[in-house]
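Take a look at the structure set out below.
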Amino acid sequence: MISSEELINKAREAMNLSYAPYSHFTVGTALLCEDGSIYQGGNIENASYGASNCAERTAFFKAVSEGKRHFTAIAICGGPDKNDTDFCPPCGICRQVMREFCASDFRIILAADHDKQIKEYTLSQLLPESFGPDNLIS
């Protein structure tokens, strides 16, 4: 079983995958699949800002495009300095993507470098009263 600390380390490592020439705010994620595999993602900016993609969605899209559909946790690290990260919660769009593929108890782990602090939430805590696939299936 992968520990939260191992997943956080993979997220920190994934910050190096980030392409952030405009904001200089790098984000790295490590998405844990139910089978134990891990997909990393970095945020990818674009000169046309709306075409940018968050690190969380990058990891999800990589995993889903390779046939993964069952996830248990994601660790997220981010900040303007790769050596001094702060808590970086997922944006609303990323939370909705998580809702598409994850159960309400999906774990979202945020890590900050100062004092090695960790905050952990479930998807239902960060996206209460959400709309998802089960709303469309009768």
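So you can find residues: chains in the structure tokens are A, B, ... in the order shown, residues in each start at 1, and ligands are numbered from 1 in order.
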
Check your understanding: When DSSP works through the backbone of this structure, what residues of chain A end up as alpha helix (DSSP H), shown as a PyMOL selection string?
Key -> chain A and resi 4-14+55-65+92-101+123-126

Save out the residues we just selected, N, CA and C atoms, as a compact mmCIF listing (two decimals), in the first residue's frame.
# COMPACT_ATOMS: atom_id res chain seq x y z
N SER A 4 0.72 8.08 2.30
CA SER A 4 0.50 9.48 1.92
C SER A 4 1.81 10.17 1.64
N GLU A 5 2.83 9.87 2.44
CA GLU A 5 4.15 10.49 2.27
C GLU A 5 4.76 10.13 0.92
N GLU A 6 4.64 8.87 0.52
CA GLU A 6 5.16 8.45 -0.78
C GLU A 6 4.42 9.16 -1.92
N LEU A 7 3.12 9.29 -1.78
CA LEU A 7 2.33 9.96 -2.80
C LEU A 7 2.69 11.44 -2.89
N ILE A 8 2.90 12.07 -1.75
CA ILE A 8 3.32 13.48 -1.71
C ILE A 8 4.68 13.64 -2.39
N ASN A 9 5.59 12.73 -2.12
CA ASN A 9 6.92 12.80 -2.76
C ASN A 9 6.80 12.70 -4.28
N LYS A 10 5.90 11.85 -4.76
CA LYS A 10 5.68 11.74 -6.20
C LYS A 10 5.06 13.02 -6.76
N ALA A 11 4.20 13.67 -5.99
CA ALA A 11 3.61 14.95 -6.42
C ALA A 11 4.68 16.04 -6.49
N ARG A 12 5.55 16.07 -5.49
CA ARG A 12 6.65 17.06 -5.52
C ARG A 12 7.54 16.83 -6.73
N GLU A 13 7.83 15.58 -7.01
CA GLU A 13 8.63 15.22 -8.18
C GLU A 13 7.93 15.68 -9.46
N ALA A 14 6.62 15.56 -9.50
CA ALA A 14 5.85 15.93 -10.70
C ALA A 14 5.85 17.43 -10.95
N ALA A 55 -2.67 20.53 -13.25
CA ALA A 55 -1.92 19.31 -12.99
C ALA A 55 -2.84 18.14 -12.66
N GLU A 56 -3.90 18.41 -11.91
CA GLU A 56 -4.82 17.34 -11.52
C GLU A 56 -5.47 16.72 -12.74
N ARG A 57 -5.97 17.57 -13.64
CA ARG A 57 -6.61 17.05 -14.86
C ARG A 57 -5.60 16.36 -15.76
N THR A 58 -4.38 16.86 -15.80
CA THR A 58 -3.35 16.20 -16.59
C THR A 58 -3.17 14.76 -16.12
N ALA A 59 -3.06 14.56 -14.81
CA ALA A 59 -2.89 13.21 -14.27
C ALA A 59 -4.12 12.34 -14.56
N PHE A 60 -5.31 12.89 -14.34
CA PHE A 60 -6.53 12.12 -14.61
C PHE A 60 -6.63 11.74 -16.07
N PHE A 61 -6.38 12.68 -16.97
CA PHE A 61 -6.53 12.41 -18.39
C PHE A 61 -5.50 11.39 -18.87
N LYS A 62 -4.28 11.44 -18.32
CA LYS A 62 -3.28 10.43 -18.65
C LYS A 62 -3.78 9.05 -18.23
N ALA A 63 -4.27 8.96 -17.00
CA ALA A 63 -4.72 7.67 -16.47
C ALA A 63 -5.93 7.14 -17.23
N VAL A 64 -6.92 8.00 -17.43
CA VAL A 64 -8.14 7.57 -18.11
C VAL A 64 -7.84 7.16 -19.55
N SER A 65 -6.94 7.88 -20.21
CA SER A 65 -6.60 7.55 -21.59
C SER A 65 -5.87 6.21 -21.70
N GLY A 92 -12.27 24.36 -9.15
CA GLY A 92 -13.60 23.81 -9.33
C GLY A 92 -13.70 22.84 -10.50
N ILE A 93 -13.06 23.15 -11.60
CA ILE A 93 -13.12 22.26 -12.76
C ILE A 93 -12.46 20.92 -12.43
N CYS A 94 -11.33 20.97 -11.74
CA CYS A 94 -10.65 19.73 -11.36
C CYS A 94 -11.50 18.91 -10.39
N ARG A 95 -12.17 19.58 -9.48
CA ARG A 95 -13.06 18.87 -8.55
C ARG A 95 -14.17 18.17 -9.32
N GLN A 96 -14.69 18.81 -10.35
CA GLN A 96 -15.75 18.20 -11.15
C GLN A 96 -15.22 17.00 -11.93
N VAL A 97 -14.00 17.08 -12.45
CA VAL A 97 -13.39 15.93 -13.13
C VAL A 97 -13.22 14.78 -12.14
N MET A 98 -12.77 15.10 -10.93
CA MET A 98 -12.65 14.06 -9.90
C MET A 98 -14.00 13.40 -9.65
N ARG A 99 -15.05 14.21 -9.62
CA ARG A 99 -16.40 13.69 -9.36
C ARG A 99 -16.84 12.71 -10.44
N GLU A 100 -16.37 12.92 -11.66
CA GLU A 100 -16.72 12.02 -12.75
C GLU A 100 -16.19 10.60 -12.52
N PHE A 101 -15.00 10.51 -11.91
CA PHE A 101 -14.32 9.23 -11.82
C PHE A 101 -14.14 8.68 -10.41
N LEU A 123 -13.43 13.95 -1.33
CA LEU A 123 -14.06 14.68 -2.42
C LEU A 123 -15.38 15.29 -1.99
N SER A 124 -16.15 14.57 -1.20
CA SER A 124 -17.45 15.10 -0.77
C SER A 124 -17.30 16.32 0.14
N GLN A 125 -16.18 16.43 0.84
CA GLN A 125 -15.94 17.63 1.65
C GLN A 125 -15.64 18.84 0.78
N LEU A 126 -14.91 18.63 -0.31
CA LEU A 126 -14.54 19.74 -1.19
C LEU A 126 -15.56 20.03 -2.29

Check your understanding: What residues in region 43-136 of chain A get the DSSP label strand (DSSP E or B)? Please answer as number ranges by chain.
Key -> A: 44, 53, 71-79, 86, 107-112, 117-122

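CA of Cys77 (chain A) is found 17.7 Å from CA of Ser52 (chain A).
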
Practice item. Quote the spacing between CA of His24 (chain A) and CA of Leu127 (chain A) in Å to one decimal place. Key: 27.5 Å

May I have the residues within 10 Å of Asp35 (chain A) as a PDB file with N, CA and C atoms, in the first residue's frame, using only C-alpha atoms and disregarding those fewer than 2 positions away in the same chain?
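The result, written out as selection.pdb:
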ATOM      1  N   MET A   1       0.847  -1.194   0.000  1.00  0.00           N
ATOM      2  CA  MET A   1       0.000   0.000   0.000  1.00  0.00           C
ATOM      3  C   MET A   1       0.884   1.247   0.000  1.00  0.00           C
ATOM      4  N   LEU A  32      -3.298   8.201  -7.384  1.00  0.00           N
ATOM      5  CA  LEU A  32      -3.203   6.790  -7.026  1.00  0.00           C
ATOM      6  C   LEU A  32      -4.417   6.027  -7.543  1.00  0.00           C
ATOM      7  N   CYS A  33      -4.155   5.045  -8.369  1.00  0.00           N
ATOM      8  CA  CYS A  33      -5.210   4.187  -8.893  1.00  0.00           C
ATOM      9  C   CYS A  33      -5.483   3.057  -7.905  1.00  0.00           C
ATOM     10  N   SER A  37      -1.145   1.651  -9.168  1.00  0.00           N
ATOM     11  CA  SER A  37      -0.343   2.443 -10.105  1.00  0.00           C
ATOM     12  C   SER A  37      -0.539   3.931  -9.810  1.00  0.00           C
ATOM     13  N   ILE A  38       0.462   4.715 -10.192  1.00  0.00           N
ATOM     14  CA  ILE A  38       0.460   6.161  -9.932  1.00  0.00           C
ATOM     15  C   ILE A  38       0.684   6.901 -11.239  1.00  0.00           C
ATOM     16  N   LYS A  68      -7.557   3.438 -17.085  1.00  0.00           N
ATOM     17  CA  LYS A  68      -7.822   3.442 -15.639  1.00  0.00           C
ATOM     18  C   LYS A  68      -9.145   4.145 -15.373  1.00  0.00           C
ATOM     19  N   HIS A  70     -10.579   3.639 -11.800  1.00  0.00           N
ATOM     20  CA  HIS A  70     -10.823   3.542 -10.361  1.00  0.00           C
ATOM     21  C   HIS A  70      -9.641   4.145  -9.601  1.00  0.00           C
ATOM     22  N   PHE A  71      -9.940   5.168  -8.796  1.00  0.00           N
ATOM     23  CA  PHE A  71      -8.905   5.944  -8.127  1.00  0.00           C
ATOM     24  C   PHE A  71      -9.198   6.047  -6.634  1.00  0.00           C
ATOM     25  N   THR A  72      -8.144   6.132  -5.838  1.00  0.00           N
ATOM     26  CA  THR A  72      -8.336   6.193  -4.384  1.00  0.00           C
ATOM     27  C   THR A  72      -7.852   7.494  -3.756  1.00  0.00           C
TER      28      THR A  72
END

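Closest to Asp113 (chain A) among A:Ala73, A:Leu17, A:Ile137, A:Cys88 is A:Cys88, based on only C-alpha atoms.
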
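The nearest approach to Pro90 (chain A) among the residues A:Ser48, A:Ser104, A:Ser18, A:Thr29, with only C-alpha atoms taken into account, belongs to A:Thr29.
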
Practice item. In Å, rounded to a single decimal, give me how far CA of Gly67 (chain A) is from CA of Arg107 (chain A). Key: 20.6 Å

**Study point:** Shortest interatomic distance to Gly36 (chain A) - which of A:Gly50, A:Ile74, A:Ser130, A:Ile2, counting only C-alpha atoms
**Key:** A:Ile2

Find the residues of region 60-92 of chain A that sit at most 12 Å from region 19-22 of chain A; for each, write down the nearest two atoms and how far apart they are in Å, to one decimal. Count only C-alpha atoms. Sort by chain, then by number going up, and give it as CSV.
residue,atom,partner,partner_atom,distance
A:Gly78,CA,A:Ala20,CA,11.5
A:Gly79,CA,A:Ala20,CA,10.9
A:Pro80,CA,A:Ala20,CA,9.6
A:Asp81,CA,A:Ala20,CA,11.5
A:Lys82,CA,A:Ala20,CA,11.8

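Taking only C-alpha atoms, the non-local environment of Tyr121 (chain A) within 9 Å (same-chain residues fewer than 5 positions away omitted) comprises Asp105, Phe106, Arg107, Ile108, Ile109, Leu110 and Leu126 of chain A.
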
Go ahead and write the residues just picked, N, CA and C atoms, as a PDB file, in the first residue's frame.
ATOM      1  N   ASP A 105     -15.590   9.273  -1.087  1.00  0.00           N
ATOM      2  CA  ASP A 105     -14.522   9.156  -0.088  1.00  0.00           C
ATOM      3  C   ASP A 105     -13.118   9.227  -0.704  1.00  0.00           C
ATOM      4  N   PHE A 106     -13.028   9.582  -1.979  1.00  0.00           N
ATOM      5  CA  PHE A 106     -11.736   9.791  -2.640  1.00  0.00           C
ATOM      6  C   PHE A 106     -10.934  10.798  -1.822  1.00  0.00           C
ATOM      7  N   ARG A 107      -9.666  10.463  -1.544  1.00  0.00           N
ATOM      8  CA  ARG A 107      -8.835  11.310  -0.683  1.00  0.00           C
ATOM      9  C   ARG A 107      -8.053  12.336  -1.504  1.00  0.00           C
ATOM     10  N   ILE A 108      -8.082  13.587  -1.044  1.00  0.00           N
ATOM     11  CA  ILE A 108      -7.333  14.679  -1.659  1.00  0.00           C
ATOM     12  C   ILE A 108      -6.349  15.178  -0.607  1.00  0.00           C
ATOM     13  N   ILE A 109      -5.067  14.981  -0.889  1.00  0.00           N
ATOM     14  CA  ILE A 109      -4.002  15.276   0.067  1.00  0.00           C
ATOM     15  C   ILE A 109      -3.240  16.508  -0.405  1.00  0.00           C
ATOM     16  N   LEU A 110      -3.221  17.541   0.410  1.00  0.00           N
ATOM     17  CA  LEU A 110      -2.495  18.774   0.105  1.00  0.00           C
ATOM     18  C   LEU A 110      -1.281  18.845   1.008  1.00  0.00           C
ATOM     19  N   LEU A 126     -14.913  18.629  -0.313  1.00  0.00           N
ATOM     20  CA  LEU A 126     -14.538  19.742  -1.190  1.00  0.00           C
ATOM     21  C   LEU A 126     -15.564  20.030  -2.285  1.00  0.00           C
TER      22      LEU A 126
END

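Shortest separation to Ala47 (chain A) among A:Phe131, A:Cys91, A:Leu31, A:Ser23 occurs at residue A:Ser23, atoms counted being only C-alpha atoms.
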